[in-house]
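A.B. asks: My structure is in run.pdb, and what it holds is PDB, C-alpha atoms:
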```pdb
ATOM      1  CA  MET A   1      98.946 150.652  81.762  1.00  0.00           C
ATOM      2  CA  THR A   2     102.041 152.366  80.516  1.00  0.00           C
ATOM      3  CA  LYS A   3     103.736 151.520  77.258  1.00  0.00           C
ATOM      4  CA  ARG A   4     106.887 150.295  78.992  1.00  0.00           C
ATOM      5  CA  ALA A   5     104.930 147.407  80.505  1.00  0.00           C
ATOM      6  CA  THR A   6     102.749 146.505  77.582  1.00  0.00           C
ATOM      7  CA  ALA A   7     105.756 146.378  75.289  1.00  0.00           C
ATOM      8  CA  GLY A   8     106.640 143.165  77.066  1.00  0.00           C
ATOM      9  CA  LEU A   9     103.188 141.640  76.916  1.00  0.00           C
ATOM     10  CA  ALA A  10     102.498 142.708  73.379  1.00  0.00           C
ATOM     11  CA  GLY A  11     105.874 141.192  72.595  1.00  0.00           C
ATOM     12  CA  VAL A  12     104.274 137.813  73.196  1.00  0.00           C
ATOM     13  CA  LEU A  13     102.918 138.168  69.690  1.00  0.00           C
ATOM     14  CA  LEU A  14     106.471 137.632  68.523  1.00  0.00           C
ATOM     15  CA  LEU A  15     105.321 134.055  68.938  1.00  0.00           C
ATOM     16  CA  ALA A  16     103.644 134.592  65.631  1.00  0.00           C
ATOM     17  CA  GLY A  17     107.134 134.512  64.161  1.00  0.00           C
ATOM     18  CA  VAL A  18     106.945 130.800  64.886  1.00  0.00           C
ATOM     19  CA  LEU A  19     104.054 130.702  62.466  1.00  0.00           C
ATOM     20  CA  ALA A  20     105.628 132.570  59.606  1.00  0.00           C
ATOM     21  CA  GLY A  21     107.287 129.442  58.291  1.00  0.00           C
ATOM     22  CA  CYS A  22     103.986 128.561  56.696  1.00  0.00           C
ATOM     23  CA  GLY A  23     103.916 131.753  54.667  1.00  0.00           C
ATOM     24  CA  GLY A  24     105.539 132.642  51.373  1.00  0.00           C
ATOM     25  CA  ASP A  25     105.098 131.325  47.864  1.00  0.00           C
ATOM     26  CA  ASP A  26     107.921 128.796  47.530  1.00  0.00           C
ATOM     27  CA  ASP A  27     106.699 125.808  45.572  1.00  0.00           C
ATOM     28  CA  GLY A  28     108.770 123.449  47.682  1.00  0.00           C
ATOM     29  CA  ASP A  29     109.242 119.766  47.083  1.00  0.00           C
ATOM     30  CA  GLY A  30     106.480 117.361  46.380  1.00  0.00           C
ATOM     31  CA  GLY A  31     105.930 114.373  48.564  1.00  0.00           C
ATOM     32  CA  GLY A  32     103.525 111.680  49.535  1.00  0.00           C
ATOM     33  CA  GLY A  33     102.051 110.478  52.766  1.00  0.00           C
ATOM     34  CA  ASP A  34     101.576 106.959  53.986  1.00  0.00           C
ATOM     35  CA  GLY A  35      97.837 107.523  54.073  1.00  0.00           C
ATOM     36  CA  GLY A  36      95.319 110.350  54.116  1.00  0.00           C
ATOM     37  CA  GLY A  37      94.201 110.181  50.518  1.00  0.00           C
ATOM     38  CA  ASP A  38      94.680 112.763  47.795  1.00  0.00           C
ATOM     39  CA  PHE A  39      95.300 115.696  50.131  1.00  0.00           C
ATOM     40  CA  ALA A  40      98.515 114.248  51.571  1.00  0.00           C
ATOM     41  CA  ASP A  41      99.714 113.313  48.089  1.00  0.00           C
ATOM     42  CA  GLN A  42      99.831 116.926  46.924  1.00  0.00           C
ATOM     43  CA  SER A  43     102.937 119.079  46.699  1.00  0.00           C
ATOM     44  CA  TYR A  44     104.221 121.085  49.641  1.00  0.00           C
ATOM     45  CA  ALA A  45     103.009 124.329  48.043  1.00  0.00           C
ATOM     46  CA  ASP A  46      99.481 123.015  47.432  1.00  0.00           C
ATOM     47  CA  ILE A  47      99.065 121.610  50.942  1.00  0.00           C
ATOM     48  CA  LYS A  48     100.383 124.831  52.428  1.00  0.00           C
ATOM     49  CA  GLN A  49      98.016 126.945  50.344  1.00  0.00           C
ATOM     50  CA  ASP A  50      95.005 124.807  51.296  1.00  0.00           C
ATOM     51  CA  ALA A  51      95.961 125.206  54.957  1.00  0.00           C
ATOM     52  CA  LEU A  52      96.348 128.973  54.673  1.00  0.00           C
ATOM     53  CA  ASP A  53      93.014 129.271  52.871  1.00  0.00           C
ATOM     54  CA  ALA A  54      91.321 127.349  55.684  1.00  0.00           C
ATOM     55  CA  MET A  55      92.944 129.430  58.424  1.00  0.00           C
ATOM     56  CA  THR A  56      92.210 132.802  56.855  1.00  0.00           C
ATOM     57  CA  SER A  57      88.500 131.933  56.639  1.00  0.00           C
ATOM     58  CA  LEU A  58      88.184 131.443  60.407  1.00  0.00           C
ATOM     59  CA  GLU A  59      85.897 133.584  62.522  1.00  0.00           C
ATOM     60  CA  ALA A  60      87.150 132.229  65.872  1.00  0.00           C
ATOM     61  CA  LEU A  61      90.169 130.351  67.158  1.00  0.00           C
ATOM     62  CA  HIS A  62      91.924 129.120  70.298  1.00  0.00           C
ATOM     63  CA  VAL A  63      95.699 129.617  70.337  1.00  0.00           C
ATOM     64  CA  GLN A  64      98.124 128.166  72.860  1.00  0.00           C
ATOM     65  CA  ALA A  65     101.774 129.007  72.305  1.00  0.00           C
ATOM     66  CA  SER A  66     105.090 129.370  74.041  1.00  0.00           C
ATOM     67  CA  VAL A  67     108.586 130.417  72.993  1.00  0.00           C
ATOM     68  CA  GLU A  68     111.961 130.536  74.719  1.00  0.00           C
ATOM     69  CA  SER A  69     114.143 133.542  73.982  1.00  0.00           C
ATOM     70  CA  GLU A  70     117.113 134.996  75.842  1.00  0.00           C
ATOM     71  CA  GLY A  71     116.363 132.879  78.887  1.00  0.00           C
ATOM     72  CA  GLN A  72     112.749 133.962  79.159  1.00  0.00           C
ATOM     73  CA  THR A  73     109.527 132.112  78.409  1.00  0.00           C
ATOM     74  CA  SER A  74     106.760 133.978  76.627  1.00  0.00           C
ATOM     75  CA  GLY A  75     103.374 132.429  76.141  1.00  0.00           C
ATOM     76  CA  LEU A  76      99.740 132.919  75.411  1.00  0.00           C
ATOM     77  CA  ASP A  77      96.589 130.868  75.840  1.00  0.00           C
ATOM     78  CA  ILE A  78      93.763 132.790  74.220  1.00  0.00           C
ATOM     79  CA  SER A  79      90.392 132.275  72.572  1.00  0.00           C
ATOM     80  CA  MET A  80      89.476 135.079  70.183  1.00  0.00           C
ATOM     81  CA  SER A  81      86.857 135.885  67.573  1.00  0.00           C
ATOM     82  CA  SER A  82      86.576 138.247  64.639  1.00  0.00           C
ATOM     83  CA  GLU A  83      83.765 140.043  66.494  1.00  0.00           C
ATOM     84  CA  GLY A  84      86.231 141.084  69.181  1.00  0.00           C
ATOM     85  CA  SER A  85      85.385 138.640  71.978  1.00  0.00           C
ATOM     86  CA  CYS A  86      88.560 137.444  73.646  1.00  0.00           C
ATOM     87  CA  THR A  87      89.564 135.640  76.828  1.00  0.00           C
ATOM     88  CA  GLY A  88      92.734 134.012  78.106  1.00  0.00           C
ATOM     89  CA  ASN A  89      96.141 134.931  79.447  1.00  0.00           C
ATOM     90  CA  VAL A  90      99.531 136.142  78.280  1.00  0.00           C
ATOM     91  CA  GLN A  91     102.953 135.766  79.860  1.00  0.00           C
ATOM     92  CA  PHE A  92     106.322 137.412  79.305  1.00  0.00           C
ATOM     93  CA  GLY A  93     108.911 136.111  81.717  1.00  0.00           C
ATOM     94  CA  ALA A  94     107.645 136.631  85.255  1.00  0.00           C
ATOM     95  CA  ALA A  95     105.007 139.135  84.147  1.00  0.00           C
ATOM     96  CA  SER A  96     101.566 137.941  83.136  1.00  0.00           C
ATOM     97  CA  ALA A  97      97.969 139.015  82.795  1.00  0.00           C
ATOM     98  CA  GLU A  98      94.537 137.543  82.296  1.00  0.00           C
ATOM     99  CA  ILE A  99      92.659 139.351  79.550  1.00  0.00           C
ATOM    100  CA  LEU A 100      89.020 139.854  78.641  1.00  0.00           C
ATOM    101  CA  ARG A 101      87.383 141.729  75.808  1.00  0.00           C
ATOM    102  CA  THR A 102      83.788 142.071  74.691  1.00  0.00           C
ATOM    103  CA  GLY A 103      82.007 144.413  72.315  1.00  0.00           C
ATOM    104  CA  ASP A 104      81.531 146.776  75.261  1.00  0.00           C
ATOM    105  CA  GLY A 105      85.024 146.999  76.683  1.00  0.00           C
ATOM    106  CA  ALA A 106      88.357 145.417  77.531  1.00  0.00           C
ATOM    107  CA  TRP A 107      90.022 144.489  80.817  1.00  0.00           C
ATOM    108  CA  TYR A 108      93.082 142.742  82.140  1.00  0.00           C
ATOM    109  CA  LYS A 109      94.121 141.340  85.519  1.00  0.00           C
ATOM    110  CA  PRO A 110      97.867 141.963  85.884  1.00  0.00           C
ATOM    111  CA  SER A 111     100.298 140.029  88.031  1.00  0.00           C
ATOM    112  CA  ALA A 112     102.240 141.865  90.710  1.00  0.00           C
ATOM    113  CA  GLU A 113     105.366 141.424  88.576  1.00  0.00           C
ATOM    114  CA  LEU A 114     103.745 143.211  85.654  1.00  0.00           C
ATOM    115  CA  LEU A 115     102.622 146.086  87.846  1.00  0.00           C
ATOM    116  CA  ALA A 116     106.077 146.372  89.376  1.00  0.00           C
ATOM    117  CA  GLN A 117     107.599 146.610  85.887  1.00  0.00           C
ATOM    118  CA  ALA A 118     105.066 149.251  84.872  1.00  0.00           C
ATOM    119  CA  PHE A 119     105.296 151.352  88.019  1.00  0.00           C
ATOM    120  CA  PRO A 120     108.720 150.706  89.596  1.00  0.00           C
ATOM    121  CA  ASP A 121     108.512 153.815  91.782  1.00  0.00           C
ATOM    122  CA  GLN A 122     104.980 153.072  93.013  1.00  0.00           C
ATOM    123  CA  ALA A 123     104.932 149.279  92.865  1.00  0.00           C
ATOM    124  CA  GLU A 124     103.754 148.571  96.408  1.00  0.00           C
ATOM    125  CA  GLU A 125     100.987 151.168  96.237  1.00  0.00           C
ATOM    126  CA  VAL A 126      99.773 150.069  92.800  1.00  0.00           C
ATOM    127  CA  VAL A 127      99.780 146.359  93.679  1.00  0.00           C
ATOM    128  CA  ALA A 128      97.707 147.127  96.787  1.00  0.00           C
ATOM    129  CA  HIS A 129      95.332 149.279  94.740  1.00  0.00           C
ATOM    130  CA  VAL A 130      94.725 146.585  92.123  1.00  0.00           C
ATOM    131  CA  GLY A 131      94.639 143.540  94.389  1.00  0.00           C
ATOM    132  CA  ASP A 132      92.628 140.837  92.612  1.00  0.00           C
ATOM    133  CA  SER A 133      90.666 143.344  90.518  1.00  0.00           C
ATOM    134  CA  TRP A 134      90.431 143.773  86.796  1.00  0.00           C
ATOM    135  CA  VAL A 135      91.985 146.866  85.244  1.00  0.00           C
ATOM    136  CA  LEU A 136      90.105 148.825  82.612  1.00  0.00           C
ATOM    137  CA  ASP A 137      92.147 148.657  79.390  1.00  0.00           C
ATOM    138  CA  THR A 138      91.049 152.057  78.171  1.00  0.00           C
ATOM    139  CA  ASP A 139      93.420 152.257  75.191  1.00  0.00           C
ATOM    140  CA  ASP A 140      93.530 148.529  74.331  1.00  0.00           C
ATOM    141  CA  GLU A 141      97.231 148.572  75.187  1.00  0.00           C
ATOM    142  CA  VAL A 142      97.183 144.996  76.489  1.00  0.00           C
ATOM    143  CA  THR A 143      94.165 143.394  74.843  1.00  0.00           C
ATOM    144  CA  GLY A 144      94.412 145.163  71.485  1.00  0.00           C
ATOM    145  CA  SER A 145      97.295 143.292  69.877  1.00  0.00           C
ATOM    146  CA  ASN A 146      96.770 140.086  71.822  1.00  0.00           C
ATOM    147  CA  CYS A 147      93.103 139.804  70.814  1.00  0.00           C
ATOM    148  CA  ASP A 148      93.316 140.733  67.133  1.00  0.00           C
ATOM    149  CA  LEU A 149      92.324 137.556  65.288  1.00  0.00           C
ATOM    150  CA  GLU A 150      92.745 139.055  61.836  1.00  0.00           C
ATOM    151  CA  SER A 151      96.272 140.291  62.493  1.00  0.00           C
ATOM    152  CA  PHE A 152      97.247 137.049  64.167  1.00  0.00           C
ATOM    153  CA  ILE A 153      96.104 134.944  61.230  1.00  0.00           C
ATOM    154  CA  ASP A 154      97.650 137.406  58.747  1.00  0.00           C
ATOM    155  CA  GLN A 155     101.032 136.545  60.216  1.00  0.00           C
ATOM    156  CA  LEU A 156     100.499 132.967  59.114  1.00  0.00           C
ATOM    157  CA  SER A 157     100.756 134.088  55.514  1.00  0.00           C
ATOM    158  CA  ASP A 158     103.635 136.545  55.849  1.00  0.00           C
ATOM    159  CA  ASP A 159     106.025 136.102  52.941  1.00  0.00           C
ATOM    160  CA  GLU A 160     109.201 134.455  54.109  1.00  0.00           C
ATOM    161  CA  GLU A 161     111.652 132.469  52.022  1.00  0.00           C
ATOM    162  CA  GLU A 162     111.711 128.756  52.752  1.00  0.00           C
ATOM    163  CA  THR A 163     114.295 126.122  51.833  1.00  0.00           C
ATOM    164  CA  ASP A 164     114.520 122.369  52.338  1.00  0.00           C
ATOM    165  CA  THR A 165     110.739 122.046  52.199  1.00  0.00           C
ATOM    166  CA  GLU A 166     109.315 118.547  52.457  1.00  0.00           C
ATOM    167  CA  VAL A 167     105.981 116.786  52.781  1.00  0.00           C
ATOM    168  CA  VAL A 168     107.032 114.256  55.418  1.00  0.00           C
ATOM    169  CA  GLY A 169     103.809 112.260  55.422  1.00  0.00           C
ATOM    170  CA  VAL A 170     100.740 111.499  57.495  1.00  0.00           C
ATOM    171  CA  GLU A 171     100.992 111.182  61.274  1.00  0.00           C
ATOM    172  CA  GLU A 172      98.506 110.992  64.125  1.00  0.00           C
ATOM    173  CA  LEU A 173      98.173 113.975  66.445  1.00  0.00           C
ATOM    174  CA  ASP A 174      95.627 113.999  69.281  1.00  0.00           C
ATOM    175  CA  GLY A 175      93.690 111.221  67.593  1.00  0.00           C
ATOM    176  CA  GLU A 176      93.470 112.916  64.184  1.00  0.00           C
ATOM    177  CA  ASP A 177      95.384 112.363  60.957  1.00  0.00           C
ATOM    178  CA  VAL A 178      97.654 115.261  60.056  1.00  0.00           C
ATOM    179  CA  VAL A 179     100.154 115.780  57.274  1.00  0.00           C
ATOM    180  CA  ARG A 180     103.503 117.077  58.460  1.00  0.00           C
ATOM    181  CA  LEU A 181     105.352 119.756  56.511  1.00  0.00           C
ATOM    182  CA  ASP A 182     109.025 120.423  57.290  1.00  0.00           C
ATOM    183  CA  TYR A 183     110.839 123.589  56.219  1.00  0.00           C
ATOM    184  CA  THR A 184     113.788 125.832  56.963  1.00  0.00           C
ATOM    185  CA  ASN A 185     113.570 129.621  57.079  1.00  0.00           C
ATOM    186  CA  VAL A 186     115.489 132.510  58.620  1.00  0.00           C
ATOM    187  CA  ASP A 187     114.350 131.410  62.097  1.00  0.00           C
ATOM    188  CA  GLY A 188     115.643 127.851  61.677  1.00  0.00           C
ATOM    189  CA  ASP A 189     113.984 124.501  61.101  1.00  0.00           C
ATOM    190  CA  GLY A 190     110.280 124.095  61.606  1.00  0.00           C
ATOM    191  CA  SER A 191     107.326 121.782  61.146  1.00  0.00           C
ATOM    192  CA  ALA A 192     103.649 122.416  60.528  1.00  0.00           C
ATOM    193  CA  TYR A 193     100.884 119.863  61.043  1.00  0.00           C
ATOM    194  CA  VAL A 194      97.772 120.168  58.870  1.00  0.00           C
ATOM    195  CA  LEU A 195      94.483 118.289  59.284  1.00  0.00           C
ATOM    196  CA  VAL A 196      93.876 115.731  56.541  1.00  0.00           C
ATOM    197  CA  GLU A 197      90.116 115.377  56.911  1.00  0.00           C
ATOM    198  CA  GLY A 198      87.545 118.162  56.637  1.00  0.00           C
ATOM    199  CA  GLU A 199      88.836 121.721  56.655  1.00  0.00           C
ATOM    200  CA  HIS A 200      92.604 121.593  56.367  1.00  0.00           C
ATOM    201  CA  TYR A 201      93.423 123.679  59.422  1.00  0.00           C
ATOM    202  CA  ILE A 202      96.906 124.023  60.820  1.00  0.00           C
ATOM    203  CA  VAL A 203      96.757 122.411  64.264  1.00  0.00           C
ATOM    204  CA  LYS A 204     100.369 122.749  65.375  1.00  0.00           C
ATOM    205  CA  ILE A 205     103.581 124.518  64.446  1.00  0.00           C
ATOM    206  CA  GLU A 206     107.002 123.863  65.943  1.00  0.00           C
ATOM    207  CA  ASN A 207     110.089 126.025  65.566  1.00  0.00           C
ATOM    208  CA  LYS A 208     113.504 124.598  66.390  1.00  0.00           C
ATOM    209  CA  GLY A 209     115.587 127.729  65.828  1.00  0.00           C
ATOM    210  CA  GLU A 210     117.359 130.063  68.237  1.00  0.00           C
ATOM    211  CA  ALA A 211     114.008 130.877  69.835  1.00  0.00           C
ATOM    212  CA  PRO A 212     112.348 127.441  69.982  1.00  0.00           C
ATOM    213  CA  GLY A 213     108.614 127.451  70.350  1.00  0.00           C
ATOM    214  CA  THR A 214     105.360 125.653  69.752  1.00  0.00           C
ATOM    215  CA  ALA A 215     101.934 126.941  68.776  1.00  0.00           C
ATOM    216  CA  THR A 216      98.767 124.843  68.743  1.00  0.00           C
ATOM    217  CA  PHE A 217      95.409 125.793  67.278  1.00  0.00           C
ATOM    218  CA  SER A 218      91.987 124.428  68.170  1.00  0.00           C
ATOM    219  CA  ALA A 219      88.309 125.306  68.715  1.00  0.00           C
ATOM    220  CA  PHE A 220      88.038 126.373  65.074  1.00  0.00           C
ATOM    221  CA  ASP A 221      85.022 128.694  64.685  1.00  0.00           C
ATOM    222  CA  ASP A 222      83.722 127.786  68.162  1.00  0.00           C
ATOM    223  CA  GLU A 223      81.792 130.569  69.848  1.00  0.00           C
ATOM    224  CA  VAL A 224      83.904 132.635  72.237  1.00  0.00           C
ATOM    225  CA  VAL A 225      81.745 133.410  75.262  1.00  0.00           C
ATOM    226  CA  VAL A 226      83.014 136.244  77.441  1.00  0.00           C
ATOM    227  CA  GLU A 227      81.310 137.808  80.460  1.00  0.00           C
ATOM    228  CA  ALA A 228      82.385 141.313  81.406  1.00  0.00           C
ATOM    229  CA  PRO A 229      83.468 141.810  85.026  1.00  0.00           C
ATOM    230  CA  ALA A 230      81.100 143.633  87.352  1.00  0.00           C
ATOM    231  CA  ASP A 231      81.751 147.319  87.926  1.00  0.00           C
ATOM    232  CA  ASP A 232      82.878 146.699  91.503  1.00  0.00           C
ATOM    233  CA  GLU A 233      85.514 144.258  90.220  1.00  0.00           C
ATOM    234  CA  VAL A 234      87.228 146.876  88.040  1.00  0.00           C
ATOM    235  CA  VAL A 235      89.793 149.554  88.939  1.00  0.00           C
ATOM    236  CA  ASP A 236      91.388 152.314  86.893  1.00  0.00           C
ATOM    237  CA  LEU A 237      95.144 152.929  86.899  1.00  0.00           C
ATOM    238  CA  ALA A 238      94.841 156.439  85.466  1.00  0.00           C
ATOM    239  CA  PRO A 239      95.765 158.121  88.827  1.00  0.00           C
ATOM    240  CA  PHE A 240      99.161 156.369  88.721  1.00  0.00           C
ATOM    241  CA  GLU A 241     100.005 157.100  85.106  1.00  0.00           C
ATOM    242  CA  SER A 242     101.983 160.136  84.132  1.00  0.00           C
TER
END
```
Please express what this file holds, its structure, as structure tokens.
C.D. replies:
Amino acid sequence: MTKRATAGLAGVLLLAGVLAGCGGDDDGDGGGGDGGGDFADQSYADIKQDALDAMTSLEALHVQASVESEGQTSGLDISMSSEGSCTGNVQFGAASAEILRTGDGAWYKPSAELLAQAFPDQAEEVVAHVGDSWVLDTDDEVTGSNCDLESFIDQLSDDEEETDTEVVGVEELDGEDVVRLDYTNVDGDGSAYVLVEGEHYIVKIENKGEAPGTATFSAFDDEVVVEAPADDEVVDLAPFES
């Protein structure tokens, strides 16, 4: 896959900009919840730090996210582990791809739109060549950035100045108590939702800025099981690349 195509798909990780609102070292305002015990009664800075500590200790994670920017929807729905196992899909506008990675290799199944963007002068031939097959991702151009758990979580703790920080209180999200943190940063207003009980994982982040988006996190430390495609299900695009 050529760089001109993967620039779009790798750009899906700009979704991580939605997450950066939870980074930084601003002490923020204190606040109390309407339940949830001592955790929700802490300051914004302490709750945020507990959440970041929990997230950075993860060995596996499921991420589902989408963002609207310049009239296009980017998204990802991926399970990934620190050992390199990864499965899911990424989307950038009309282009998309399923992705797989194991300790033995990496593959992606591109949409016709992605192939047409990558090979505009050979689109029909390349689409016919790939069909419903997986493509060997020899240089990790597609799976590399989209399957890097460590880098993804690192972006949660990127330093970014926050203002108007507030511990809003305890709410219920998908049947679990979460404490909601509101903030404003360079990307606009945002909210993060942190589990009250057990490990204080971030389960959802919303950004309401110029590029509105939502990211949800689940399957914390669940095993990511990936089965490599059979050899006869894989094609190589090297003959089409210059």
A.B. asks: Could you tell me which of A:Ser133, A:Thr163, A:Ser66, A:Ser79 comes closest to Ala219 in chain A if we count only C-alpha atoms?
C.D. replies: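 Counting only C-alpha atoms, the residue closest to Ala219 in chain A is A:Ser79.
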A.B. asks: Using only C-alpha atoms, can you tell me which of A:Lys208, A:His129, A:His200, A:His62 comes closest to Tyr183 in chain A?
C.D. replies: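 Result for the nearest residue to Tyr183 in chain A: A:Lys208.
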A.B. asks: Which distance in Å separates CA of Ala192 in chain A and CA of Leu52 in chain A, to one decimal?
C.D. replies: 11.4 Å
A.B. asks: Report the residues retrieved by the PyMOL selection byres ((chain A and resi 104) around 10) from the displayed file, expressed as a list in words.
C.D. replies: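 Answer for the PyMOL selection byres ((chain A and resi 104) around 10): Gly84, Ser85, Arg101, Thr102, Gly103, Gly105, Ala106 and Ala228 of chain A.
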A.B. asks: May I have the protein, DNA and RNA residues with any atom at most 7 Å from the point (105.7, 135.3, 77.5), counting all atoms listed in the file, written as an MDAnalysis selection string?
C.D. replies: chainID A and resid 9 12 66 73:76 90:93
A.B. asks: Could you tell me how far CA of Leu173 in chain A lies from CA of Thr56 in chain A, in Å and to one decimal?
C.D. replies: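 So the two atoms, CA of Leu173 in chain A and CA of Thr56 in chain A, lie 22.0 Å apart.
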A.B. asks: Step by step, work through what the PyMOL selection byres ((chain A and resi 110) around 9) selects in the shown file, and finish by giving those residues as a list of chain:residue names.
C.D. replies: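 The output of the PyMOL selection byres ((chain A and resi 110) around 9) on this file is A:Ala95, A:Ser96, A:Ala97, A:Glu98, A:Ile99, A:Tyr108, A:Lys109, A:Ser111, A:Ala112, A:Glu113, A:Leu114, A:Leu115, A:Val130, A:Asp132, A:Ser133, A:Trp134, A:Val135.
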A.B. asks: Here is a test: counting all atoms listed in the file, which residue of A:Ser43, A:Glu59, A:Asp189, A:Leu100 is nearest to Pro229 in chain A?
C.D. replies: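 That would be A:Leu100, the residue with the smallest distance to Pro229 in chain A.
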A.B. asks: Which residue out of A:Asp187, A:Asp121, A:Glu197, A:Asp148 has the minimum interatomic distance to Val170 in chain A when all atoms listed in the file are used?
C.D. replies: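 Using all atoms listed in the file, Val170 in chain A sits closest to A:Glu197.
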A.B. asks: What residues come out when you apply the PyMOL selection byres ((chain A and resi 225) around 10) to this file, written as a CSV table (one decimal) with C-alpha atoms, in the frame of the given file?
C.D. replies:
```
chain,number,residue,atom,x,y,z
A,79,SER,CA,90.4,132.3,72.6
A,80,MET,CA,89.5,135.1,70.2
A,81,SER,CA,86.9,135.9,67.6
A,85,SER,CA,85.4,138.6,72.0
A,86,CYS,CA,88.6,137.4,73.6
A,87,THR,CA,89.6,135.6,76.8
A,102,THR,CA,83.8,142.1,74.7
A,222,ASP,CA,83.7,127.8,68.2
A,223,GLU,CA,81.8,130.6,69.8
A,224,VAL,CA,83.9,132.6,72.2
A,226,VAL,CA,83.0,136.2,77.4
A,227,GLU,CA,81.3,137.8,80.5
```
